[in-house]
Amino acid sequence: MCSSDLDSAIELFRKGLALQPSNAGVHKDLAYALLKAGENVDARDEFATAAKLNPQDETASLEFAFLAFETKEPIEARRTFDRLRHSSNPATRATAEQAFRNIDQPLASGIARWKEALARSPNPNDLSMFSAHWELAQLAELRDELPLAAEQYELCRKLKPQLSELLITLARVWAQ
């Protein structure tokens with residue numbers, strides 16, 4: 001399919017969605033066309049819409065999760081893969097399980113490493129340990145260990161109260 005054909009197809013899908021915005025199949029078809037056109041963020045969003053409109057469409061959910069990870073939304077990717085690990089479809093379950101492990105294992109390892117580093121430090125709450133608390137907080141948030149993330153971000157805030165953006169970060173974690 002040449003570029004102009006692909007652009008025409010995308011335009012037609014969008015016109016169809018203007019008439020039938022709740023048509024999950026058209027959202028999914030548009031997502032594939034956008035993906036082929038290299039519009040990964042828009043494709044991700046269309047797969048998300050298709051999956052919301054048709055929660056039984058595990059293919060749309062898997063495509064969304066892979067694109068979410070690729071487009072720097074690892075929390076949503078991990079959550080989606082985690083949900084799909086319980087699918088009744090063995091192929092979906094296996095794919096989601098492997099993808100979940102690929103995301104989760106490095107996070108778990110990183111959390112363990114930073115916890116160990118803090119435990120070995122003679123002064124874990126010293127300003128020199130700010131980066132360790134920050135890294136641990138970020139990994140915990142990515143892994144949905146929100147109480148640990150909040151605790152670590154709060155320690156960061158105590159260590160560097162001049163960083164007002166930490167309040168926004170804490171609020172985001174508390175809101176979850």
# chains A, B, ... in the order shown; residues from 1 in each chain; ligands from 1
>>> closest_atom_pairs(of="stretch 72-122 of chain A", to="stretch 44-54 of chain A", cutoff="12 Å", atoms="only C-alpha atoms", output="CSV")
residue,atom,partner,partner_atom,distance
A:Lys72,CA,A:Arg44,CA,11.1
A:Glu73,CA,A:Arg44,CA,10.2
A:Glu76,CA,A:Ala48,CA,10.4
A:Ala77,CA,A:Arg44,CA,10.7
A:Thr80,CA,A:Ala48,CA,10.3
A:Leu84,CA,A:Ala51,CA,11.9
>>> write_last_selection(atoms="N, CA and C atoms", output="mmCIF file, in the first residue's frame")
data_model
loop_
_atom_site.group_PDB
_atom_site.id
_atom_site.type_symbol
_atom_site.label_atom_id
_atom_site.label_comp_id
_atom_site.auth_asym_id
_atom_site.auth_seq_id
_atom_site.Cartn_x
_atom_site.Cartn_y
_atom_site.Cartn_z
ATOM 1 N N LYS A 72 6.443 4.890 25.946
ATOM 2 C CA LYS A 72 6.822 5.401 27.276
ATOM 3 C C LYS A 72 5.660 5.507 28.262
ATOM 4 N N GLU A 73 4.743 4.542 28.214
ATOM 5 C CA GLU A 73 3.689 4.428 29.218
ATOM 6 C C GLU A 73 3.776 3.046 29.859
ATOM 7 N N GLU A 76 0.865 1.667 32.307
ATOM 8 C CA GLU A 76 -0.334 1.163 31.622
ATOM 9 C C GLU A 76 -0.047 -0.159 30.916
ATOM 10 N N ALA A 77 1.134 -0.272 30.327
ATOM 11 C CA ALA A 77 1.504 -1.529 29.660
ATOM 12 C C ALA A 77 1.530 -2.664 30.673
ATOM 13 N N THR A 80 -1.956 -3.646 31.865
ATOM 14 C CA THR A 80 -2.725 -4.349 30.838
ATOM 15 C C THR A 80 -2.217 -5.777 30.679
ATOM 16 N N LEU A 84 -4.234 -9.320 31.323
ATOM 17 C CA LEU A 84 -4.346 -10.322 30.261
ATOM 18 C C LEU A 84 -3.674 -11.639 30.618
#
>>> residues_around(residues="A:Ser131", least_positions_apart="3", cutoff="12 Å", atoms="only C-alpha atoms", output="CSV table (one decimal) with C-alpha atoms, in the first residue's frame")
chain,number,residue,atom,x,y,z
A,114,TRP,CA,18.0,0.0,45.9
A,117,ALA,CA,21.9,-0.2,49.1
A,118,LEU,CA,19.8,1.8,51.5
A,124,PRO,CA,20.2,6.0,54.7
A,125,ASN,CA,18.3,9.2,55.3
A,126,ASP,CA,21.3,11.5,54.6
A,127,LEU,CA,21.2,13.9,51.7
A,128,SER,CA,23.9,11.9,50.0
A,134,TRP,CA,14.6,8.8,44.1
A,135,GLU,CA,15.4,5.7,42.1
A,136,LEU,CA,13.6,3.4,44.5
A,137,ALA,CA,10.5,5.6,44.4
A,138,GLN,CA,10.4,5.7,40.6
A,152,GLN,CA,10.3,7.2,49.2
A,153,TYR,CA,9.1,10.3,47.5
A,155,LEU,CA,11.8,11.0,52.0
A,156,CYS,CA,13.1,12.8,48.9
A,157,ARG,CA,10.9,15.8,49.8
A,159,LEU,CA,15.9,15.6,51.9
A,160,LYS,CA,15.3,18.3,49.3
>>> closest_atom_pairs(of="stretch 94-116 of chain A", to="stretch 55-67 of chain A", cutoff="12 Å", atoms="only C-alpha atoms", output="JSON lines")
{"residue": "A:Ala94", "atom": "CA", "partner": "A:Leu62", "partner_atom": "CA", "distance": 11.4}
{"residue": "A:Thr95", "atom": "CA", "partner": "A:Leu62", "partner_atom": "CA", "distance": 8.4}
{"residue": "A:Ala96", "atom": "CA", "partner": "A:Leu62", "partner_atom": "CA", "distance": 7.4}
{"residue": "A:Glu97", "atom": "CA", "partner": "A:Leu62", "partner_atom": "CA", "distance": 11.1}
{"residue": "A:Gln98", "atom": "CA", "partner": "A:Phe66", "partner_atom": "CA", "distance": 11.8}
{"residue": "A:Ala99", "atom": "CA", "partner": "A:Phe66", "partner_atom": "CA", "distance": 8.3}
{"residue": "A:Phe100", "atom": "CA", "partner": "A:Ala65", "partner_atom": "CA", "distance": 9.8}
{"residue": "A:Asn102", "atom": "CA", "partner": "A:Phe66", "partner_atom": "CA", "distance": 11.4}
{"residue": "A:Ile103", "atom": "CA", "partner": "A:Phe66", "partner_atom": "CA", "distance": 10.8}
